[in-house]
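As stored in model.csv (CSV, C-alpha atoms and all ligand atoms):
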chain,number,residue,atom,x,y,z
A,1362,MET,CA,25.7,11.6,-9.1
A,1363,THR,CA,23.4,8.8,-10.1
A,1364,ALA,CA,21.0,7.4,-7.5
A,1365,SER,CA,21.0,3.8,-6.3
A,1366,ILE,CA,17.9,2.0,-7.3
A,1367,ILE,CA,15.7,0.6,-4.5
A,1368,ASP,CA,14.7,-2.9,-5.5
A,1369,GLY,CA,11.2,-3.3,-4.1
A,1370,LYS,CA,10.6,-6.4,-6.1
A,1371,ALA,CA,13.5,-8.3,-4.4
A,1372,PHE,CA,12.6,-6.8,-1.0
A,1373,ALA,CA,9.0,-8.0,-1.4
A,1374,GLN,CA,10.1,-11.4,-2.4
A,1375,GLN,CA,12.2,-11.7,0.7
A,1376,LEU,CA,9.3,-10.5,2.9
A,1377,ARG,CA,6.9,-13.0,1.3
A,1378,ALA,CA,9.4,-15.8,1.9
A,1379,ARG,CA,9.7,-14.8,5.6
A,1380,VAL,CA,5.9,-14.7,5.9
A,1381,ALA,CA,5.7,-18.2,4.2
A,1382,GLU,CA,8.2,-19.6,6.7
A,1383,HIS,CA,6.1,-18.3,9.6
A,1384,VAL,CA,2.9,-19.6,8.0
A,1385,ALA,CA,4.5,-23.1,7.7
A,1386,ARG,CA,5.3,-23.1,11.4
A,1387,LEU,CA,1.7,-22.0,12.3
A,1388,LYS,CA,0.4,-24.8,10.1
A,1389,ARG,CA,2.4,-27.4,12.0
A,1390,GLN,CA,0.5,-26.2,15.0
A,1391,GLY,CA,-2.8,-26.7,13.1
A,1392,ILE,CA,-3.4,-23.0,12.4
A,1393,THR,CA,-3.8,-21.7,8.8
A,1394,PRO,CA,-4.0,-18.0,8.3
A,1395,GLY,CA,-6.9,-17.0,6.0
A,1396,LEU,CA,-7.5,-13.9,3.9
A,1397,ALA,CA,-10.9,-13.1,2.5
A,1398,VAL,CA,-11.0,-10.7,-0.5
A,1399,VAL,CA,-14.3,-9.2,-1.6
A,1400,LEU,CA,-14.6,-7.8,-5.1
A,1401,VAL,CA,-17.9,-6.1,-6.1
A,1402,GLY,CA,-18.4,-5.5,-9.9
A,1403,GLU,CA,-16.2,-5.8,-12.9
A,1404,ASP,CA,-13.5,-3.1,-12.7
A,1405,PRO,CA,-10.7,-4.5,-14.8
A,1406,ALA,CA,-7.8,-3.1,-12.7
A,1407,SER,CA,-9.4,-4.4,-9.5
A,1408,GLN,CA,-9.8,-7.9,-11.1
A,1409,VAL,CA,-6.1,-8.0,-11.8
A,1410,TYR,CA,-5.2,-6.9,-8.2
A,1411,VAL,CA,-7.6,-9.5,-6.7
A,1412,ARG,CA,-6.2,-12.3,-8.9
A,1413,ASN,CA,-2.6,-11.4,-7.9
A,1414,LYS,CA,-3.6,-11.2,-4.2
A,1415,GLY,CA,-5.3,-14.6,-4.3
A,1416,ARG,CA,-2.3,-16.2,-6.1
A,1417,GLN,CA,0.3,-14.7,-3.7
A,1418,THR,CA,-1.9,-15.6,-0.6
A,1419,VAL,CA,-1.9,-19.3,-1.7
A,1420,GLU,CA,1.9,-19.2,-2.5
A,1421,ALA,CA,2.5,-18.0,1.0
A,1422,GLY,CA,0.7,-21.1,2.3
A,1423,MET,CA,-2.4,-19.2,3.5
A,1424,ALA,CA,-6.1,-19.9,2.8
A,1425,SER,CA,-7.6,-17.5,0.2
A,1426,PHE,CA,-11.3,-16.9,0.2
A,1427,GLU,CA,-12.5,-14.9,-2.8
A,1428,HIS,CA,-16.0,-13.4,-2.9
A,1429,ARG,CA,-16.9,-12.0,-6.3
A,1430,LEU,CA,-20.2,-10.1,-6.2
A,1431,ASP,CA,-22.4,-8.6,-8.9
A,1432,ALA,CA,-22.1,-4.9,-9.4
A,1433,ALA,CA,-25.8,-4.7,-8.5
A,1434,THR,CA,-25.2,-6.1,-5.0
A,1435,SER,CA,-27.0,-4.0,-2.4
A,1436,GLN,CA,-25.4,-2.4,0.7
A,1437,ASP,CA,-27.3,-4.9,2.9
A,1438,GLU,CA,-26.1,-7.9,1.0
A,1439,LEU,CA,-22.5,-6.7,1.3
A,1440,LEU,CA,-22.9,-5.9,5.0
A,1441,SER,CA,-24.3,-9.3,5.7
A,1442,LEU,CA,-21.3,-10.9,3.9
A,1443,ILE,CA,-18.9,-8.8,6.0
A,1444,ALA,CA,-20.8,-10.0,9.2
A,1445,ARG,CA,-20.4,-13.6,8.1
A,1446,LEU,CA,-16.6,-13.1,7.5
A,1447,ASN,CA,-16.3,-11.3,10.8
A,1448,ALA,CA,-17.7,-14.4,12.5
A,1449,ASP,CA,-15.7,-16.9,10.6
A,1450,PRO,CA,-12.8,-18.2,12.6
A,1451,ALA,CA,-11.0,-19.4,9.5
A,1452,VAL,CA,-10.8,-15.8,8.2
A,1453,HIS,CA,-8.1,-13.7,9.9
A,1454,GLY,CA,-8.0,-10.8,7.4
A,1455,ILE,CA,-10.8,-9.2,5.3
A,1456,LEU,CA,-10.1,-6.8,2.4
A,1457,VAL,CA,-12.9,-5.1,0.4
A,1458,GLN,CA,-11.4,-4.1,-2.9
A,1459,LEU,CA,-11.9,-0.4,-3.6
A,1460,PRO,CA,-13.4,1.5,-5.4
A,1461,LEU,CA,-16.8,0.1,-4.9
A,1462,PRO,CA,-19.5,0.5,-7.6
A,1463,ARG,CA,-21.6,3.7,-7.3
A,1464,GLY,CA,-24.5,3.3,-4.9
A,1465,LEU,CA,-22.5,1.5,-2.3
A,1466,ASN,CA,-21.2,3.3,0.8
A,1467,ALA,CA,-17.5,2.3,1.1
A,1468,GLU,CA,-17.1,4.1,4.5
A,1469,ALA,CA,-19.9,2.1,6.1
A,1470,VAL,CA,-18.7,-1.1,4.6
A,1471,ILE,CA,-15.1,-0.6,5.8
A,1472,ASN,CA,-16.3,0.4,9.3
A,1473,ALA,CA,-18.4,-2.8,9.4
A,1474,ILE,CA,-15.2,-4.9,9.2
A,1475,ASP,CA,-13.9,-6.3,12.6
A,1476,PRO,CA,-11.0,-3.9,13.3
A,1477,ALA,CA,-8.9,-6.9,14.3
A,1478,LYS,CA,-9.4,-8.4,10.7
A,1479,ASP,CA,-9.0,-5.0,8.9
A,1480,VAL,CA,-5.8,-5.9,7.1
A,1481,ASP,CA,-6.1,-2.8,5.0
A,1482,GLY,CA,-5.9,-0.6,8.1
A,1483,PHE,CA,-8.8,1.6,6.7
A,1484,HIS,CA,-11.2,1.1,9.6
A,1485,ILE,CA,-11.7,4.3,11.6
A,1486,LEU,CA,-10.5,2.6,14.8
A,1487,ASN,CA,-7.2,1.6,13.1
A,1488,VAL,CA,-6.8,5.1,11.6
A,1489,GLY,CA,-7.3,6.6,15.1
A,1490,ARG,CA,-4.9,4.1,16.7
A,1491,LEU,CA,-2.2,4.9,14.2
A,1492,ALA,CA,-2.7,8.6,14.8
A,1493,THR,CA,-2.5,8.2,18.5
A,1494,GLY,CA,0.5,5.8,18.6
A,1495,GLN,CA,-1.5,2.7,19.6
A,1496,ARG,CA,-1.1,-0.8,18.2
A,1497,ALA,CA,-2.9,-0.6,14.8
A,1498,MET,CA,-3.3,-2.4,11.6
A,1499,VAL,CA,-1.2,-0.2,9.2
A,1500,PRO,CA,-2.3,0.4,5.5
A,1501,CYS,CA,-0.2,-1.8,3.3
A,1502,THR,CA,1.3,0.6,0.8
A,1503,PRO,CA,2.6,3.1,3.3
A,1504,LEU,CA,3.9,0.2,5.5
A,1505,GLY,CA,5.8,-1.1,2.4
A,1506,CYS,CA,7.3,2.4,1.8
A,1507,LEU,CA,8.4,2.6,5.4
A,1508,MET,CA,10.1,-0.8,5.2
A,1509,LEU,CA,12.0,0.3,2.1
A,1510,LEU,CA,13.1,3.6,3.8
A,1511,ARG,CA,14.2,1.9,7.0
A,1512,ASP,CA,16.1,-0.7,5.0
A,1513,ARG,CA,17.9,2.0,3.1
A,1514,LEU,CA,18.4,4.7,5.8
A,1515,GLY,CA,18.2,2.9,9.1
A,1516,ASP,CA,17.1,5.5,11.7
A,1517,LEU,CA,14.9,8.2,10.2
A,1518,SER,CA,14.9,10.5,13.3
A,1519,GLY,CA,15.2,14.2,12.4
A,1520,ALA,CA,14.9,13.7,8.7
A,1521,GLU,CA,12.8,16.2,6.7
A,1522,ALA,CA,10.1,14.2,5.0
A,1523,VAL,CA,7.7,15.6,2.4
A,1524,VAL,CA,4.7,13.5,1.4
A,1525,VAL,CA,3.0,14.7,-1.8
A,1526,GLY,CA,-0.6,13.6,-1.7
A,1527,ARG,CA,-3.1,13.5,1.1
A,1528,SER,CA,-5.2,10.4,0.4
A,1529,ASN,CA,-6.6,8.2,3.2
A,1530,ILE,CA,-5.0,5.2,1.6
A,1531,VAL,CA,-1.4,6.5,1.2
A,1532,GLY,CA,-0.6,10.1,2.0
A,1533,LYS,CA,-2.2,10.5,5.4
A,1534,PRO,CA,-1.1,7.2,6.9
A,1535,MET,CA,2.4,7.6,5.3
A,1536,ALA,CA,2.7,11.0,7.2
A,1537,GLN,CA,1.6,9.3,10.4
A,1538,LEU,CA,4.2,6.6,10.0
A,1539,LEU,CA,7.0,9.1,9.3
A,1540,LEU,CA,6.0,11.1,12.3
A,1541,ARG,CA,6.2,8.0,14.4
A,1542,GLU,CA,9.7,7.6,13.1
A,1543,ASN,CA,10.6,11.1,14.4
A,1544,CYS,CA,10.7,12.7,11.0
A,1545,THR,CA,9.7,16.4,10.5
A,1546,VAL,CA,6.7,15.8,8.2
A,1547,THR,CA,5.1,18.0,5.6
A,1548,ILE,CA,2.0,16.9,3.6
A,1549,ALA,CA,1.9,18.7,0.3
A,1550,HIS,CA,-1.0,18.5,-2.1
A,1551,SER,CA,-2.6,20.1,-5.2
A,1552,ARG,CA,-3.2,23.4,-3.3
A,1553,THR,CA,0.3,23.7,-2.0
A,1554,ARG,CA,1.5,27.1,-3.1
A,1555,ASP,CA,5.1,26.3,-4.1
A,1556,LEU,CA,5.3,22.6,-4.6
A,1557,PRO,CA,8.8,22.5,-6.2
A,1558,GLN,CA,10.3,24.5,-3.4
A,1559,THR,CA,8.5,22.4,-0.7
A,1560,CYS,CA,9.8,19.2,-2.4
A,1561,ARG,CA,13.4,20.6,-2.4
A,1562,ARG,CA,13.3,20.6,1.5
A,1563,ALA,CA,12.9,16.8,1.6
A,1564,ASP,CA,15.6,14.3,2.7
A,1565,ILE,CA,12.8,11.8,2.2
A,1566,LEU,CA,10.3,12.5,-0.6
A,1567,VAL,CA,7.2,10.3,-1.0
A,1568,ALA,CA,5.2,10.9,-4.2
A,1569,ALA,CA,1.6,9.7,-4.1
A,1570,VAL,CA,-0.4,12.0,-6.3
A,1571,GLY,CA,-1.4,9.9,-9.2
A,1572,ARG,CA,-0.1,12.4,-11.8
A,1573,PRO,CA,2.4,10.9,-14.3
A,1574,GLU,CA,6.0,12.2,-14.0
A,1575,MET,CA,4.8,15.4,-12.2
A,1576,ILE,CA,7.8,15.6,-9.9
A,1577,ARG,CA,10.8,16.8,-11.8
A,1578,GLY,CA,14.5,16.3,-11.3
A,1579,ASP,CA,15.2,19.9,-10.1
A,1580,TRP,CA,12.5,19.5,-7.4
A,1581,ILE,CA,14.8,17.0,-5.6
A,1582,LYS,CA,17.4,17.8,-3.0
A,1583,PRO,CA,20.7,16.3,-4.1
A,1584,GLY,CA,21.1,12.9,-2.3
A,1585,ALA,CA,17.5,12.6,-1.2
A,1586,THR,CA,15.7,9.3,-0.9
A,1587,VAL,CA,12.7,9.3,-3.3
A,1588,ILE,CA,9.8,6.8,-2.9
A,1589,ASP,CA,7.5,6.8,-5.9
A,1590,VAL,CA,4.0,5.4,-5.1
A,1591,GLY,CA,2.5,6.4,-8.5
A,1592,ILE,CA,1.5,3.7,-11.0
A,1593,ASN,CA,0.3,5.6,-14.2
A,1594,ARG,CA,-0.3,4.0,-17.6
A,1595,VAL,CA,0.6,6.5,-20.4
A,1596,PRO,CA,0.7,6.2,-24.2
A,1597,ALA,CA,4.1,5.0,-25.5
A,1598,PRO,CA,4.0,5.9,-29.3
A,1599,ASP,CA,7.7,5.0,-29.6
A,1600,LYS,CA,6.7,1.3,-28.8
A,1601,GLY,CA,4.0,1.3,-31.5
A,1602,PRO,CA,0.4,2.6,-31.9
A,1603,ASP,CA,-1.9,1.9,-29.0
A,1604,LYS,CA,1.1,0.8,-26.8
A,1605,THR,CA,1.4,2.0,-23.2
A,1606,ARG,CA,4.0,2.0,-20.5
A,1607,LEU,CA,3.9,2.4,-16.7
A,1608,VAL,CA,5.4,5.5,-15.1
A,1609,GLY,CA,5.4,6.9,-11.6
A,1610,ASP,CA,4.6,10.3,-10.2
A,1611,VAL,CA,8.3,11.1,-10.4
A,1612,HIS,CA,10.1,11.9,-13.7
A,1613,PHE,CA,12.5,9.0,-13.2
A,1614,ALA,CA,15.2,9.9,-15.8
A,1615,GLU,CA,15.6,13.3,-14.3
A,1616,ALA,CA,15.3,12.3,-10.7
A,1617,VAL,CA,17.8,9.5,-10.9
A,1618,GLU,CA,20.5,12.1,-11.6
A,1619,ALA,CA,19.7,14.1,-8.4
A,1620,ALA,CA,18.5,11.6,-5.8
A,1621,GLY,CA,20.7,9.4,-3.6
A,1622,ALA,CA,18.3,6.5,-3.9
A,1623,ILE,CA,15.0,6.0,-5.7
A,1624,THR,CA,12.3,3.4,-6.3
A,1625,PRO,CA,11.6,2.5,-9.9
A,1626,VAL,CA,8.2,2.1,-11.5
A,1627,PRO,CA,7.5,-0.8,-12.0
A,1628,GLY,CA,9.4,-2.9,-9.5
A,1629,GLY,CA,9.6,-0.4,-6.6
A,1630,VAL,CA,6.7,0.2,-4.2
A,1631,GLY,CA,4.1,-1.8,-6.2
A,1632,PRO,CA,5.2,-5.3,-5.1
A,1633,MET,CA,5.5,-4.2,-1.5
A,1634,THR,CA,1.7,-3.7,-1.2
A,1635,ILE,CA,0.7,-7.3,-1.5
A,1636,ALA,CA,3.7,-8.5,0.5
A,1637,CYS,CA,2.6,-6.2,3.4
A,1638,LEU,CA,-1.0,-7.4,3.0
A,1639,LEU,CA,0.2,-11.0,3.6
A,1640,ALA,CA,2.3,-9.8,6.6
A,1641,ASN,CA,-0.7,-8.0,8.0
A,1642,THR,CA,-2.8,-11.1,7.6
A,1643,LEU,CA,-0.1,-13.1,9.4
A,1644,THR,CA,-0.1,-10.5,12.2
A,1645,ALA,CA,-3.9,-10.6,12.5
A,1646,CYS,CA,-3.8,-14.4,12.7
A,1647,CYS,CA,-1.1,-14.4,15.4
A,1648,ARG,CA,-3.0,-11.9,17.5
A,1649,ALA,CA,-6.2,-13.9,17.1
A,1650,HIS,CA,-4.5,-17.0,18.5
A,1651,GLY,CA,-2.9,-15.1,21.4
A,1701,LIG,N1,-7.7,-0.3,-4.3
A,1701,LIG,C1,-6.5,0.2,-4.6
A,1701,LIG,N2,-5.6,0.1,-3.6
A,1701,LIG,C2,-6.2,-0.6,-2.7
A,1701,LIG,C3,-5.9,-1.1,-1.4
A,1701,LIG,O1,-4.7,-0.9,-0.9
A,1701,LIG,N3,-6.8,-1.7,-0.7
A,1701,LIG,C4,-8.1,-1.9,-1.2
A,1701,LIG,N4,-9.0,-2.5,-0.4
A,1701,LIG,N5,-8.5,-1.5,-2.3
A,1701,LIG,C5,-7.6,-0.8,-3.1

What is this file in structure tokens?
Amino acid sequence: MTASIIDGKAFAQQLRARVAEHVARLKRQGITPGLAVVLVGEDPASQVYVRNKGRQTVEAGMASFEHRLDAATSQDELLSLIARLNADPAVHGILVQLPLPRGLNAEAVINAIDPAKDVDGFHILNVGRLATGQRAMVPCTPLGCLMLLRDRLGDLSGAEAVVVGRSNIVGKPMAQLLLRENCTVTIAHSRTRDLPQTCRRADILVAAVGRPEMIRGDWIKPGATVIDVGINRVPAPDKGPDKTRLVGDVHFAEAVEAAGAITPVPGGVGPMTIACLLANTLTACCRAHG
């Protein structure tokens, strides 16, 4: 059996179009959703993400506020920018790009964001709300994974879900979301004793470990739905010297033969993250305006 490919790029495009329609309606009422993105330092990958976020925010009809700060910015300077953005009624969503340069305390910065504007869903209050089933801002990448799963499978109740990876950004919130959907959830990680056997239990397998092609085809239960969150750049000597290619955490060529459905890399989960960020900003704006 060959898996069907879950087209995250197309799904994200449709989601962005729906967000843009809603934004257009709000603008006719004189309301423009606004997203502020804060980038500290010169991390090249972060610069690419922030540029893409800004472009897609504007394409959706929203206001984009970019704050690029020097790597030498102090904690107090950053906190005072957050305070200004919290107080600015034109800003409905605030995102501080991670990682922050050494010397800055990311936890304190994130927890200084108004939880109602925390479109990343990283504030401790939103983490707690998600864990206790209250209305929360939900982190964008796991939210995007859940949308793809629900679109593919419909009701997830009773499914065996295995999340590989326990990060605060993906693994833990993903597990909370799957639990909320009535899945039986296992979080596996680097210390899991028999990772292949644990993965073989999964009707739904979410890979978010950041290890290129770690999850092999024979770890996958036949017919399972596989969501690959990994984006790893690896050498591609077949394409020429110094050439690279993107691969996920799942060995795609093997997994596609076992799974029922699978997200590719690129073009799977990746495009969903920014689309969900825009959706969260729209949600924050709607809540702010009652
Ligand atoms: N860095 C990598 N992923 C993310 C994300 O989802 N949000 C933020 N703020 N920083 C990131």

Report task. Can you work out which one of A:Tyr1410, A:Trp1580, A:Phe1426, A:Phe1613 has the shortest atom-to-atom distance to ligand LIG 1701 (chain A), counting only C-alpha atoms and all ligand atoms? Result ->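 Using only C-alpha atoms and all ligand atoms, the shortest distance to ligand LIG 1701 (chain A) belongs to A:Tyr1410.
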
**Report entry** Within 9 Å of ligand LIG 1701 (chain A) (all atoms listed in the file), residues as number ranges by chain
**Finding:** A: 1398-1399, 1406-1407, 1410, 1455-1461, 1471, 1480-1483, 1500-1502, 1530-1531, 1634-1635, 1638

**Report entry** Of the listed residues A:Ala1649, A:Ala1568, A:Ala1620, A:Ala1432, that which approaches Gly1591 (chain A) most closely, counting only C-alpha atoms
**Finding:**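 Selected residue with least distance to Gly1591 (chain A): A:Ala1568.
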
Query raised in the report: CA of Asp1589 (chain A) to CA of Leu1566 (chain A): how many Å, to one decimal?
Result: 8.3 Å

Report task. One decimal, Å: what's the distance from CA of Asn1447 (chain A) over to CA of Met1508 (chain A), could you say? Result ->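 Spanning CA of Asn1447 (chain A) to CA of Met1508 (chain A) is a straight-line distance of 29.0 Å.
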
Export region 1500-1520 of chain A, N, CA and C atoms, as an mmCIF file, in the first residue's frame; it's the structure right above.
data_model
loop_
_atom_site.group_PDB
_atom_site.id
_atom_site.type_symbol
_atom_site.label_atom_id
_atom_site.label_comp_id
_atom_site.auth_asym_id
_atom_site.auth_seq_id
_atom_site.Cartn_x
_atom_site.Cartn_y
_atom_site.Cartn_z
ATOM 1 N N PRO A 1500 -0.702 26.913 20.549
ATOM 2 C CA PRO A 1500 0.504 27.044 19.721
ATOM 3 C C PRO A 1500 0.247 26.631 18.260
ATOM 4 N N CYS A 1501 0.846 27.408 17.351
ATOM 5 C CA CYS A 1501 0.477 27.338 15.928
ATOM 6 C C CYS A 1501 0.810 26.000 15.264
ATOM 7 N N THR A 1502 1.987 25.454 15.515
ATOM 8 C CA THR A 1502 2.367 24.228 14.800
ATOM 9 C C THR A 1502 1.482 23.046 15.206
ATOM 10 N N PRO A 1503 1.292 22.783 16.516
ATOM 11 C CA PRO A 1503 0.382 21.689 16.872
ATOM 12 C C PRO A 1503 -1.054 21.941 16.413
ATOM 13 N N LEU A 1504 -1.487 23.188 16.433
ATOM 14 C CA LEU A 1504 -2.836 23.504 15.948
ATOM 15 C C LEU A 1504 -2.956 23.140 14.461
ATOM 16 N N GLY A 1505 -1.919 23.458 13.692
ATOM 17 C CA GLY A 1505 -1.903 23.106 12.270
ATOM 18 C C GLY A 1505 -1.937 21.595 12.068
ATOM 19 N N CYS A 1506 -1.176 20.856 12.889
ATOM 20 C CA CYS A 1506 -1.184 19.381 12.803
ATOM 21 C C CYS A 1506 -2.579 18.843 13.082
ATOM 22 N N LEU A 1507 -3.224 19.389 14.105
ATOM 23 C CA LEU A 1507 -4.564 18.911 14.469
ATOM 24 C C LEU A 1507 -5.561 19.170 13.333
ATOM 25 N N MET A 1508 -5.457 20.351 12.704
ATOM 26 C CA MET A 1508 -6.372 20.643 11.585
ATOM 27 C C MET A 1508 -6.195 19.619 10.472
ATOM 28 N N LEU A 1509 -4.938 19.271 10.150
ATOM 29 C CA LEU A 1509 -4.686 18.285 9.093
ATOM 30 C C LEU A 1509 -5.255 16.923 9.487
ATOM 31 N N LEU A 1510 -5.095 16.553 10.755
ATOM 32 C CA LEU A 1510 -5.598 15.253 11.227
ATOM 33 C C LEU A 1510 -7.119 15.197 11.168
ATOM 34 N N ARG A 1511 -7.756 16.277 11.628
ATOM 35 C CA ARG A 1511 -9.229 16.277 11.631
ATOM 36 C C ARG A 1511 -9.778 16.271 10.214
ATOM 37 N N ASP A 1512 -9.076 16.965 9.329
ATOM 38 C CA ASP A 1512 -9.507 16.992 7.924
ATOM 39 C C ASP A 1512 -9.407 15.593 7.311
ATOM 40 N N ARG A 1513 -8.371 14.872 7.681
ATOM 41 C CA ARG A 1513 -8.130 13.545 7.105
ATOM 42 C C ARG A 1513 -9.009 12.479 7.746
ATOM 43 N N LEU A 1514 -9.113 12.540 9.106
ATOM 44 C CA LEU A 1514 -9.707 11.416 9.841
ATOM 45 C C LEU A 1514 -11.089 11.720 10.415
ATOM 46 N N GLY A 1515 -11.478 12.985 10.440
ATOM 47 C CA GLY A 1515 -12.747 13.325 11.099
ATOM 48 C C GLY A 1515 -12.600 13.179 12.605
ATOM 49 N N ASP A 1516 -13.471 12.366 13.214
ATOM 50 C CA ASP A 1516 -13.446 12.174 14.667
ATOM 51 C C ASP A 1516 -12.202 11.365 15.064
ATOM 52 N N LEU A 1517 -11.444 11.880 16.027
ATOM 53 C CA LEU A 1517 -10.213 11.189 16.446
ATOM 54 C C LEU A 1517 -10.425 10.334 17.705
ATOM 55 N N SER A 1518 -11.629 10.326 18.230
ATOM 56 C CA SER A 1518 -11.934 9.631 19.496
ATOM 57 C C SER A 1518 -11.433 8.197 19.496
ATOM 58 N N GLY A 1519 -10.740 7.847 20.565
ATOM 59 C CA GLY A 1519 -10.326 6.463 20.769
ATOM 60 C C GLY A 1519 -9.062 6.073 20.022
ATOM 61 N N ALA A 1520 -8.552 6.937 19.159
ATOM 62 C CA ALA A 1520 -7.344 6.585 18.394
ATOM 63 C C ALA A 1520 -6.128 6.525 19.326
#
